[in-house]
Structure formats: structure tokens, C-alpha cells
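Participant: input.cif is reproduced below (mmCIF, C-alpha atoms).
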data_upload
loop_
_atom_site.group_PDB
_atom_site.id
_atom_site.type_symbol
_atom_site.label_atom_id
_atom_site.label_comp_id
_atom_site.auth_asym_id
_atom_site.auth_seq_id
_atom_site.Cartn_x
_atom_site.Cartn_y
_atom_site.Cartn_z
ATOM 1 C CA MET A 1 24.574 130.409 46.189
ATOM 2 C CA ILE A 2 24.198 133.581 44.110
ATOM 3 C CA SER A 3 27.774 134.619 44.826
ATOM 4 C CA LEU A 4 28.968 131.115 43.878
ATOM 5 C CA LEU A 5 27.040 131.249 40.610
ATOM 6 C CA ALA A 6 28.406 134.706 39.842
ATOM 7 C CA ALA A 7 31.945 133.451 40.440
ATOM 8 C CA GLN A 8 31.344 130.470 38.153
ATOM 9 C CA VAL A 9 29.986 132.766 35.440
ATOM 10 C CA LEU A 10 33.176 134.844 35.609
ATOM 11 C CA ASN A 11 35.280 131.661 35.489
ATOM 12 C CA GLY A 12 33.207 130.437 32.552
ATOM 13 C CA LEU A 13 33.748 133.665 30.639
ATOM 14 C CA ALA A 14 37.518 133.462 31.132
ATOM 15 C CA ILE A 15 37.737 129.779 30.128
ATOM 16 C CA GLY A 16 35.250 130.379 27.324
ATOM 17 C CA MET A 17 37.563 132.971 25.808
ATOM 18 C CA ILE A 18 40.331 130.346 25.660
ATOM 19 C CA TYR A 19 37.936 127.936 23.931
ATOM 20 C CA ALA A 20 36.949 130.738 21.559
ATOM 21 C CA LEU A 21 40.600 131.541 20.790
ATOM 22 C CA THR A 22 41.377 127.896 20.003
ATOM 23 C CA ALA A 23 38.218 127.444 17.931
ATOM 24 C CA PHE A 24 38.891 130.777 16.170
ATOM 25 C CA GLY A 25 42.096 129.322 14.733
ATOM 26 C CA LEU A 26 40.364 126.055 13.899
ATOM 27 C CA SER A 27 37.618 127.983 12.115
ATOM 28 C CA ILE A 28 40.121 129.918 9.993
ATOM 29 C CA ILE A 29 41.783 126.677 8.866
ATOM 30 C CA LYS A 30 38.436 124.946 8.285
ATOM 31 C CA GLY A 31 37.232 127.895 6.232
ATOM 32 C CA LEU A 32 40.326 128.039 4.022
ATOM 33 C CA LEU A 33 40.869 124.310 3.511
ATOM 34 C CA ASN A 34 37.340 123.001 4.042
ATOM 35 C CA VAL A 35 39.064 120.253 6.026
ATOM 36 C CA PRO A 36 38.792 119.722 9.803
ATOM 37 C CA ASN A 37 42.276 120.150 11.233
ATOM 38 C CA PHE A 38 42.731 117.015 13.330
ATOM 39 C CA ALA A 39 46.204 118.279 14.321
ATOM 40 C CA HIS A 40 44.794 121.381 16.019
ATOM 41 C CA GLY A 41 44.892 119.817 19.487
ATOM 42 C CA ALA A 42 48.521 118.816 18.952
ATOM 43 C CA PHE A 43 49.406 122.440 18.093
ATOM 44 C CA TYR A 44 47.642 123.484 21.312
ATOM 45 C CA ALA A 45 49.717 121.000 23.327
ATOM 46 C CA LEU A 46 52.904 122.035 21.495
ATOM 47 C CA GLY A 47 52.272 125.654 22.504
ATOM 48 C CA ALA A 48 51.938 124.669 26.168
ATOM 49 C CA TYR A 49 55.183 122.659 26.131
ATOM 50 C CA VAL A 50 57.096 125.331 24.215
ATOM 51 C CA CYS A 51 55.918 127.898 26.776
ATOM 52 C CA TYR A 52 57.092 125.586 29.556
ATOM 53 C CA ALA A 53 60.511 125.110 27.885
ATOM 54 C CA ALA A 54 60.916 128.866 27.416
ATOM 55 C CA LEU A 55 60.126 129.500 31.092
ATOM 56 C CA GLN A 56 62.613 126.806 32.115
ATOM 57 C CA LEU A 57 65.253 128.699 30.152
ATOM 58 C CA GLY A 58 64.522 131.744 32.280
ATOM 59 C CA LEU A 59 62.815 133.759 29.547
ATOM 60 C CA PRO A 60 60.131 136.314 30.543
ATOM 61 C CA PHE A 61 56.536 135.093 30.469
ATOM 62 C CA ALA A 62 55.666 137.431 27.572
ATOM 63 C CA VAL A 63 58.488 135.953 25.483
ATOM 64 C CA ALA A 64 57.348 132.424 26.410
ATOM 65 C CA LEU A 65 53.830 133.234 25.164
ATOM 66 C CA LEU A 66 55.284 134.668 21.954
ATOM 67 C CA ALA A 67 57.239 131.437 21.473
ATOM 68 C CA ALA A 68 54.057 129.437 22.167
ATOM 69 C CA PHE A 69 52.501 131.244 19.208
ATOM 70 C CA LEU A 70 55.453 131.304 16.808
ATOM 71 C CA VAL A 71 56.704 127.710 17.077
ATOM 72 C CA PRO A 72 53.297 126.058 16.345
ATOM 73 C CA ALA A 73 52.730 128.679 13.615
ATOM 74 C CA LEU A 74 56.010 127.757 11.891
ATOM 75 C CA VAL A 75 55.294 124.032 12.291
ATOM 76 C CA GLY A 76 51.790 124.634 10.926
ATOM 77 C CA ALA A 77 53.147 126.500 7.899
ATOM 78 C CA ALA A 78 55.532 123.604 7.186
ATOM 79 C CA VAL A 79 52.741 121.034 7.602
ATOM 80 C CA GLU A 80 50.509 122.908 5.162
ATOM 81 C CA LYS A 81 53.211 123.682 2.599
ATOM 82 C CA LEU A 82 54.929 120.283 2.606
ATOM 83 C CA GLY A 83 51.897 118.057 3.182
ATOM 84 C CA VAL A 84 48.384 119.449 2.933
ATOM 85 C CA ALA A 85 49.080 121.533 -0.190
ATOM 86 C CA ARG A 86 50.456 118.477 -2.017
ATOM 87 C CA LEU A 87 47.266 116.541 -1.236
ATOM 88 C CA MET A 88 44.818 119.267 -2.266
ATOM 89 C CA ARG A 89 44.128 117.688 -5.661
ATOM 90 C CA GLY A 90 43.595 114.240 -4.166
ATOM 91 C CA PRO A 91 40.576 112.811 -2.379
ATOM 92 C CA TYR A 92 39.341 114.661 0.698
ATOM 93 C CA LEU A 93 40.170 111.628 2.847
ATOM 94 C CA TYR A 94 43.931 111.933 2.163
ATOM 95 C CA GLN A 95 44.107 115.349 3.847
ATOM 96 C CA LEU A 96 42.158 114.093 6.837
ATOM 97 C CA LEU A 97 44.443 111.116 7.266
ATOM 98 C CA PHE A 98 47.539 113.266 6.813
ATOM 99 C CA LEU A 99 46.449 115.734 9.508
ATOM 100 C CA PHE A 100 45.533 112.844 11.802
ATOM 101 C CA GLY A 101 49.030 111.442 11.241
ATOM 102 C CA VAL A 102 50.613 114.831 11.978
ATOM 103 C CA ALA A 103 48.710 114.935 15.276
ATOM 104 C CA LEU A 104 50.045 111.515 16.254
ATOM 105 C CA VAL A 105 53.606 112.436 15.279
ATOM 106 C CA LEU A 106 53.524 115.698 17.255
ATOM 107 C CA GLU A 107 52.047 113.964 20.302
ATOM 108 C CA GLN A 108 54.746 111.295 20.215
ATOM 109 C CA LEU A 109 57.494 113.884 19.757
ATOM 110 C CA ILE A 110 56.156 115.740 22.808
ATOM 111 C CA ILE A 111 56.247 112.506 24.837
ATOM 112 C CA ILE A 112 59.790 111.711 23.639
ATOM 113 C CA ILE A 113 61.076 115.183 24.517
ATOM 114 C CA TRP A 114 59.153 115.943 27.723
ATOM 115 C CA GLY A 115 57.905 112.536 28.897
ATOM 116 C CA THR A 116 54.438 111.476 29.991
ATOM 117 C CA SER A 117 54.451 113.120 33.429
ATOM 118 C CA GLY A 118 52.416 116.255 33.827
ATOM 119 C CA LEU A 119 54.336 119.536 33.977
ATOM 120 C CA SER A 120 53.381 122.773 35.648
ATOM 121 C CA ALA A 121 54.494 126.369 35.703
ATOM 122 C CA THR A 122 53.618 129.307 37.916
ATOM 123 C CA ALA A 123 52.284 132.593 36.672
ATOM 124 C CA PRO A 124 54.510 135.685 36.964
ATOM 125 C CA GLU A 125 54.495 137.268 40.395
ATOM 126 C CA TRP A 126 52.433 140.257 39.243
ATOM 127 C CA LEU A 127 49.697 137.881 38.076
ATOM 128 C CA GLN A 128 49.526 135.917 41.318
ATOM 129 C CA GLY A 129 46.844 136.520 43.920
ATOM 130 C CA ALA A 130 43.200 137.437 43.416
ATOM 131 C CA PHE A 131 40.886 140.401 43.107
ATOM 132 C CA ASP A 132 38.396 140.845 45.938
ATOM 133 C CA LEU A 133 35.034 141.470 44.264
ATOM 134 C CA GLY A 134 33.156 141.617 47.539
ATOM 135 C CA PHE A 135 31.139 138.456 46.901
ATOM 136 C CA THR A 136 34.050 136.303 45.686
ATOM 137 C CA TYR A 137 37.754 136.261 44.902
ATOM 138 C CA LEU A 138 38.761 136.178 41.251
ATOM 139 C CA PRO A 139 42.305 134.955 40.454
ATOM 140 C CA LYS A 140 44.334 137.623 38.673
ATOM 141 C CA TYR A 141 45.736 135.124 36.206
ATOM 142 C CA LEU A 142 42.248 133.990 35.220
ATOM 143 C CA VAL A 143 41.382 137.604 34.415
ATOM 144 C CA PHE A 144 44.625 138.002 32.466
ATOM 145 C CA ASN A 145 43.881 134.760 30.610
ATOM 146 C CA GLY A 146 40.448 135.928 29.488
ATOM 147 C CA CYS A 147 41.634 139.436 28.615
ATOM 148 C CA MET A 148 44.643 138.151 26.650
ATOM 149 C CA ALA A 149 42.426 135.804 24.652
ATOM 150 C CA ALA A 150 39.882 138.592 24.056
ATOM 151 C CA VAL A 151 42.561 141.056 22.890
ATOM 152 C CA THR A 152 44.121 138.450 20.581
ATOM 153 C CA ILE A 153 40.733 137.627 19.055
ATOM 154 C CA ALA A 154 40.006 141.347 18.619
ATOM 155 C CA VAL A 155 43.372 141.946 16.892
ATOM 156 C CA VAL A 156 42.909 138.965 14.552
ATOM 157 C CA TRP A 157 39.295 139.989 13.955
ATOM 158 C CA LEU A 158 40.332 143.553 13.020
ATOM 159 C CA MET A 159 43.086 142.165 10.796
ATOM 160 C CA ILE A 160 40.556 139.988 8.982
ATOM 161 C CA GLU A 161 37.927 142.736 8.731
ATOM 162 C CA ARG A 162 40.071 145.828 8.111
ATOM 163 C CA THR A 163 43.232 144.832 6.233
ATOM 164 C CA ARG A 164 43.971 143.744 2.681
ATOM 165 C CA LEU A 165 45.279 140.391 3.913
ATOM 166 C CA GLY A 166 42.096 139.921 5.911
ATOM 167 C CA SER A 167 39.879 140.677 2.926
ATOM 168 C CA GLN A 168 41.842 138.131 0.911
ATOM 169 C CA ILE A 169 41.409 135.541 3.665
ATOM 170 C CA ARG A 170 37.647 136.200 3.724
ATOM 171 C CA ALA A 171 37.566 135.898 -0.057
ATOM 172 C CA GLY A 172 39.475 132.620 0.172
ATOM 173 C CA ILE A 173 36.995 131.322 2.746
ATOM 174 C CA ASP A 174 33.816 132.475 0.973
ATOM 175 C CA LYS A 175 34.719 132.149 -2.745
ATOM 176 C CA ARG A 176 37.976 130.290 -3.237
ATOM 177 C CA GLU A 177 37.686 129.901 -7.019
ATOM 178 C CA MET A 178 36.636 133.532 -7.491
ATOM 179 C CA ALA A 179 39.593 134.685 -5.402
ATOM 180 C CA GLN A 180 41.934 132.712 -7.653
ATOM 181 C CA CYS A 181 40.359 134.281 -10.740
ATOM 182 C CA LEU A 182 41.003 137.748 -9.244
ATOM 183 C CA GLY A 183 44.710 136.972 -9.018
ATOM 184 C CA ILE A 184 44.889 136.349 -5.280
ATOM 185 C CA ASN A 185 47.680 133.967 -4.313
ATOM 186 C CA VAL A 186 45.345 131.473 -2.676
ATOM 187 C CA ALA A 187 48.139 128.947 -2.052
ATOM 188 C CA GLY A 188 50.144 131.485 -0.058
ATOM 189 C CA LEU A 189 46.964 132.628 1.639
ATOM 190 C CA VAL A 190 46.158 129.103 2.799
ATOM 191 C CA THR A 191 49.684 128.655 4.188
ATOM 192 C CA THR A 192 49.414 131.977 6.055
ATOM 193 C CA GLY A 193 45.943 131.107 7.359
ATOM 194 C CA PHE A 194 47.053 127.653 8.481
ATOM 195 C CA ALA A 195 50.061 129.136 10.291
ATOM 196 C CA LEU A 196 47.822 131.738 11.957
ATOM 197 C CA GLY A 197 45.323 129.102 13.080
ATOM 198 C CA ALA A 198 48.063 126.816 14.429
ATOM 199 C CA GLY A 199 49.690 129.777 16.181
ATOM 200 C CA LEU A 200 46.431 130.722 17.902
ATOM 201 C CA ALA A 201 46.062 127.132 19.135
ATOM 202 C CA GLY A 202 49.629 127.239 20.454
ATOM 203 C CA LEU A 203 49.020 130.559 22.195
ATOM 204 C CA SER A 204 45.940 129.050 23.892
ATOM 205 C CA GLY A 205 48.116 126.205 25.155
ATOM 206 C CA GLY A 206 50.682 128.654 26.503
ATOM 207 C CA LEU A 207 48.001 130.702 28.256
ATOM 208 C CA VAL A 208 46.481 127.725 30.078
ATOM 209 C CA LEU A 209 49.872 126.347 31.216
ATOM 210 C CA PRO A 210 49.852 128.137 34.633
ATOM 211 C CA LEU A 211 46.171 127.190 35.074
ATOM 212 C CA LEU A 212 45.993 123.537 34.023
ATOM 213 C CA GLY A 213 49.610 122.539 33.461
ATOM 214 C CA ALA A 214 50.765 120.469 30.487
ATOM 215 C CA ASN A 215 50.236 116.773 29.900
ATOM 216 C CA SER A 216 50.372 114.361 26.995
ATOM 217 C CA THR A 217 46.558 114.102 26.634
ATOM 218 C CA MET A 218 45.752 117.818 26.722
ATOM 219 C CA GLY A 219 45.741 118.084 22.926
ATOM 220 C CA ALA A 220 43.048 115.434 22.446
ATOM 221 C CA GLU A 221 40.913 116.967 25.196
ATOM 222 C CA MET A 222 41.053 120.453 23.689
ATOM 223 C CA LEU A 223 40.535 119.137 20.137
ATOM 224 C CA SER A 224 37.172 117.626 21.101
ATOM 225 C CA ILE A 225 36.074 120.863 22.815
ATOM 226 C CA ALA A 226 37.253 122.982 19.878
ATOM 227 C CA PHE A 227 35.176 120.856 17.480
ATOM 228 C CA VAL A 228 32.137 121.189 19.775
ATOM 229 C CA VAL A 229 32.597 124.969 19.677
ATOM 230 C CA LEU A 230 33.035 124.870 15.901
ATOM 231 C CA VAL A 231 29.852 122.838 15.381
ATOM 232 C CA ILE A 232 27.734 124.941 17.750
ATOM 233 C CA GLY A 233 28.995 128.217 16.275
ATOM 234 C CA GLY A 234 28.734 127.070 12.665
ATOM 235 C CA LEU A 235 31.443 125.542 10.489
ATOM 236 C CA GLY A 236 33.770 128.232 9.160
ATOM 237 C CA SER A 237 32.025 131.059 11.059
ATOM 238 C CA LEU A 238 34.533 133.225 12.937
ATOM 239 C CA TYR A 239 31.745 135.035 14.792
ATOM 240 C CA GLY A 240 30.199 131.698 15.711
ATOM 241 C CA ALA A 241 33.492 130.420 17.132
ATOM 242 C CA LEU A 242 33.638 133.396 19.504
ATOM 243 C CA ALA A 243 30.024 133.144 20.671
ATOM 244 C CA ALA A 244 30.051 129.354 20.984
ATOM 245 C CA GLY A 245 33.382 129.360 22.846
ATOM 246 C CA ILE A 246 31.945 131.635 25.526
ATOM 247 C CA LEU A 247 28.718 129.596 25.622
ATOM 248 C CA VAL A 248 30.582 126.303 26.102
ATOM 249 C CA GLY A 249 32.777 127.825 28.809
ATOM 250 C CA LEU A 250 29.701 129.073 30.664
ATOM 251 C CA ILE A 251 27.879 125.744 30.346
ATOM 252 C CA GLN A 252 30.897 123.838 31.653
ATOM 253 C CA SER A 253 31.609 126.228 34.511
ATOM 254 C CA VAL A 254 28.056 126.847 35.763
ATOM 255 C CA SER A 255 26.988 123.195 35.445
ATOM 256 C CA SER A 256 29.964 122.168 37.605
ATOM 257 C CA VAL A 257 28.075 123.752 40.552
ATOM 258 C CA PHE A 258 24.970 121.600 40.166
ATOM 259 C CA ALA A 259 26.307 118.472 38.467
ATOM 260 C CA PRO A 260 30.122 118.344 38.461
ATOM 261 C CA ALA A 261 30.243 114.840 36.979
ATOM 262 C CA ALA A 262 28.042 115.899 34.048
ATOM 263 C CA SER A 263 29.741 119.220 33.238
ATOM 264 C CA THR A 264 31.665 117.753 30.298
ATOM 265 C CA VAL A 265 28.757 115.677 29.006
ATOM 266 C CA LEU A 266 26.513 118.738 28.928
ATOM 267 C CA ILE A 267 28.629 120.505 26.307
ATOM 268 C CA TYR A 268 28.176 117.492 24.008
ATOM 269 C CA VAL A 269 24.447 117.554 24.778
ATOM 270 C CA ALA A 270 24.464 121.213 23.719
ATOM 271 C CA MET A 271 26.201 120.247 20.477
ATOM 272 C CA VAL A 272 23.678 117.494 19.711
ATOM 273 C CA ALA A 273 20.765 119.818 20.522
ATOM 274 C CA THR A 274 22.218 122.481 18.218
ATOM 275 C CA LEU A 275 22.566 119.988 15.369
ATOM 276 C CA MET A 276 18.952 118.854 15.840
ATOM 277 C CA ILE A 277 17.514 122.376 15.938
ATOM 278 C CA ARG A 278 19.912 124.255 13.654
ATOM 279 C CA PRO A 279 22.248 121.876 11.787
ATOM 280 C CA GLN A 280 24.308 124.710 10.286
ATOM 281 C CA GLY A 281 25.171 126.003 13.779
ATOM 282 C CA LEU A 282 24.181 129.238 15.516
ATOM 283 C CA PHE A 283 25.946 131.489 12.993
ATOM 284 C CA GLY A 284 26.413 129.114 10.063
ATOM 285 C CA GLU A 285 24.720 129.396 6.689
ATOM 286 C CA ARG A 286 22.907 126.633 4.888
#
Please re-express this file's structure in C-alpha cells.
Facilitator:
Amino acid sequence: MISLLAAQVLNGLAIGMIYALTAFGLSIIKGLLNVPNFAHGAFYALGAYVCYAALQLGLPFAVALLAAFLVPALVGAAVEKLGVARLMRGPYLYQLLFLFGVALVLEQLIIIIWGTSGLSATAPEWLQGAFDLGFTYLPKYLVFNGCMAAVTIAVVWLMIERTRLGSQIRAGIDKREMAQCLGINVAGLVTTGFALGAGLAGLSGGLVLPLLGANSTMGAEMLSIAFVVLVIGGLGSLYGALAAGILVGLIQSVSSVFAPAASTVLIYVAMVATLMIRPQGLFGER
């Protein structure tokens, strides 16, 4: 039993990093726009399908992952520039409805192009097989998945913390009006942040393709988990998105040993409990 639990903890950490990566992008967009991005799950699904299409063309897996980031990022930039930005002066509800509409359009386009049947792809040969840890076998691709998500989060984190662009993004998140007064191009910043957040969602979709495959409902499933992570970590908190992503992954993975049917429900229970005890989330501010 102990070896099984240890294996599930390792699985939970790897899956949790994917949740954290997706919620990291969602948190950036939420922080800059102060609007929940209802299209985030669609960007995640788009990344998975773009990765699949790139692999079908015979492109290397690394290039397919790059495409899974870039295509949703470019679509995200267009969505923000041509839609969200034009609705910024209107009621809050208009932006929500617009992003909800974008999600529906992207999902339908995916169905039109790739159909409703689930698609799958195999990991590169060097990522196939498993590590023998003595007490369990850990799939190589699962390790790669977690490490890739961790490295990406670290790079984005360093960019936000250590670069001029990152300081401007933090200023845009914390004090939008003050940033404008200081001459920061907040409009361009929001477009860049939206593209980055959408790209991270797409990269998450590409990473999980060899693990879970791609299907037409994957975007809605990940969107609900990403919002759970966002709420538990604290709205707009990048640190909270990382911690809560790992926590949700662990809850889901470990609980599947004792109560497989309740593993999904438990993450929503965790969200409700967090809201009751600490409404601003684990790392959020009142």
C-alpha cells in the first residue's frame, strides 16, 4: 500500500504541474483583465490538436510542442486585440459573454476540422518506457511532462520577476491605472499577457496529448479544473496557481486509490472548503 501511495504521489505531482501551468496562464490573464477567461479551456484543446496535427505532418515532438504554444498564443493575441480590447470600456458582462462565445467558436472549429472522435499520439521513442524506482515504475513521459511544466513555469516566473517586461506585467496586474500614469503601454501589455496565458494553456494541451489524447470535451474539463486551481490559490496570484495546481493534482491522484469515483468531486470539495475558510484563496489578498 505504501508503494502504491508513493507512486500516486509522484503521479499527482506530475499532473499537478500541468494543472499549475494551465492555471498559471489563466492567472496572468485574470490579473491583467480582471475577467475570467472562459476561452482558456478552448486554447488548451487547440494546443492539443495543433500538436497532433504537427506530429501527423512528421514534425519532431519539440517542434509540435512549440506549435502548441505559438498557435494558441497568436489566436489569443487576436482575440484580445480584436475583441476584448474593444469591450474594455463596456460593462463587465460583455467581455465575459465574448470570451464564452470565443470558446464555443473554437470548440466548433476543432470539431469541424478534426471531428468528434478521440485522437491519440505516442510519445517519442526516447520518452517511452519507465524508470524502475524499486517500489514502483514511473513512466518516463510522466516525468518529462512534470519537468517540462516546471521548467516552463520557472522561465515565465523569472521573466515576470526579473525582466522589465515582467515588472510591467506585475504593475499592470497590481496597479493598472498607476502603470498607465507612468507611461507603460498597458494595452500592448494586456495583449502580450493574454497571448502568453493562451500559449501556456496550449502548451499544456500539447504536453498531455500522449498521456490523455485529444477529444472535443477536453477543453471544458480542463477549464473547470483550472478555475478550481485559481480559486484555491487566490484570484490573480501566480504563486497560488502553482501551489494549488500541485495540491489539486495530489488530491485527485491520491484519492483515486481510496475512492476512485469521488476523486473529481473531492477537488471541488477542496475548493468549497477553501472559500469557506479563506475566501481570498491560499495566497490571495483581501
Participant: From the list A:Leu200, A:Leu247, A:Cys51, A:Val84, which residue is nearest Val155 (chain A) when using all atoms listed in the file?
Facilitator: A:Leu200
Participant: For region 213-229 of chain A, find every residue with an atom within 7 Å (counting all atoms listed in the file), except residues of its own chain fewer than 3 positions away, and show them as a PyMOL selection string.
Facilitator: chain A and resi 19+22-23+40-42+44-45+48-49+107+111+116-121+208-210+232-233+241+244-245+248+268+271
Participant: Got a sec: who's within 12 Å of Gly206 (chain A), counting only C-alpha atoms, leaving out chain neighbours fewer than 5 positions off, as a PDB file with C-alpha atoms, in the coordinates of the input?
Facilitator:
ATOM      1  CA  ILE A  18      40.331 130.346  25.660  1.00  0.00           C
ATOM      2  CA  LEU A  21      40.600 131.541  20.790  1.00  0.00           C
ATOM      3  CA  THR A  22      41.377 127.896  20.003  1.00  0.00           C
ATOM      4  CA  PHE A  43      49.406 122.440  18.093  1.00  0.00           C
ATOM      5  CA  TYR A  44      47.642 123.484  21.312  1.00  0.00           C
ATOM      6  CA  ALA A  45      49.717 121.000  23.327  1.00  0.00           C
ATOM      7  CA  LEU A  46      52.904 122.035  21.495  1.00  0.00           C
ATOM      8  CA  GLY A  47      52.272 125.654  22.504  1.00  0.00           C
ATOM      9  CA  ALA A  48      51.938 124.669  26.168  1.00  0.00           C
ATOM     10  CA  TYR A  49      55.183 122.659  26.131  1.00  0.00           C
ATOM     11  CA  VAL A  50      57.096 125.331  24.215  1.00  0.00           C
ATOM     12  CA  CYS A  51      55.918 127.898  26.776  1.00  0.00           C
ATOM     13  CA  TYR A  52      57.092 125.586  29.556  1.00  0.00           C
ATOM     14  CA  ALA A  53      60.511 125.110  27.885  1.00  0.00           C
ATOM     15  CA  ALA A  54      60.916 128.866  27.416  1.00  0.00           C
ATOM     16  CA  LEU A  55      60.126 129.500  31.092  1.00  0.00           C
ATOM     17  CA  PHE A  61      56.536 135.093  30.469  1.00  0.00           C
ATOM     18  CA  ALA A  62      55.666 137.431  27.572  1.00  0.00           C
ATOM     19  CA  VAL A  63      58.488 135.953  25.483  1.00  0.00           C
ATOM     20  CA  ALA A  64      57.348 132.424  26.410  1.00  0.00           C
ATOM     21  CA  LEU A  65      53.830 133.234  25.164  1.00  0.00           C
ATOM     22  CA  LEU A  66      55.284 134.668  21.954  1.00  0.00           C
ATOM     23  CA  ALA A  67      57.239 131.437  21.473  1.00  0.00           C
ATOM     24  CA  ALA A  68      54.057 129.437  22.167  1.00  0.00           C
ATOM     25  CA  PHE A  69      52.501 131.244  19.208  1.00  0.00           C
ATOM     26  CA  LEU A  70      55.453 131.304  16.808  1.00  0.00           C
ATOM     27  CA  VAL A  71      56.704 127.710  17.077  1.00  0.00           C
ATOM     28  CA  PRO A  72      53.297 126.058  16.345  1.00  0.00           C
ATOM     29  CA  SER A 120      53.381 122.773  35.648  1.00  0.00           C
ATOM     30  CA  ALA A 121      54.494 126.369  35.703  1.00  0.00           C
ATOM     31  CA  THR A 122      53.618 129.307  37.916  1.00  0.00           C
ATOM     32  CA  ALA A 123      52.284 132.593  36.672  1.00  0.00           C
ATOM     33  CA  ASN A 145      43.881 134.760  30.610  1.00  0.00           C
ATOM     34  CA  MET A 148      44.643 138.151  26.650  1.00  0.00           C
ATOM     35  CA  ALA A 149      42.426 135.804  24.652  1.00  0.00           C
ATOM     36  CA  GLY A 199      49.690 129.777  16.181  1.00  0.00           C
ATOM     37  CA  LEU A 200      46.431 130.722  17.902  1.00  0.00           C
ATOM     38  CA  ALA A 201      46.062 127.132  19.135  1.00  0.00           C
ATOM     39  CA  LEU A 211      46.171 127.190  35.074  1.00  0.00           C
ATOM     40  CA  LEU A 212      45.993 123.537  34.023  1.00  0.00           C
ATOM     41  CA  GLY A 213      49.610 122.539  33.461  1.00  0.00           C
ATOM     42  CA  ALA A 214      50.765 120.469  30.487  1.00  0.00           C
ATOM     43  CA  MET A 218      45.752 117.818  26.722  1.00  0.00           C
TER      44      MET A 218
END
Participant: Could you work out how far CA of Leu104 (chain A) lies from CA of Val231 (chain A), giving the answer in Å with one decimal?
Facilitator: 23.2 Å
Participant: Once the PyMOL selection byres ((chain A and resi 130) around 10) has been applied to the shown file, what residues remain in the selection, as a list in words?
Facilitator: Leu127, Gln128, Gly129, Phe131, Asp132, Leu133, Thr136, Tyr137, Leu138, Pro139, Lys140, Tyr141, Leu142 and Val143 of chain A
Participant: Rounded to one decimal in Å, what is the spacing between CA of Lys175 (chain A) and CA of Thr192 (chain A)?
Facilitator: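 About the pair CA of Lys175 (chain A) and CA of Thr192 (chain A): they are 17.1 Å apart.
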Participant: Which of these, A:Ala85, A:Leu189, A:Leu99, A:Ala20, has the shortest distance to Gly240 (chain A) once you count all atoms listed in the file?
Facilitator: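 The answer is A:Ala20, which sits nearest to Gly240 (chain A).
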Participant: Could you check which of A:Gly115, A:Gly76, A:Gly90, A:Gly12 is closest to Gly202 (chain A), using only C-alpha atoms?
Facilitator: A:Gly76
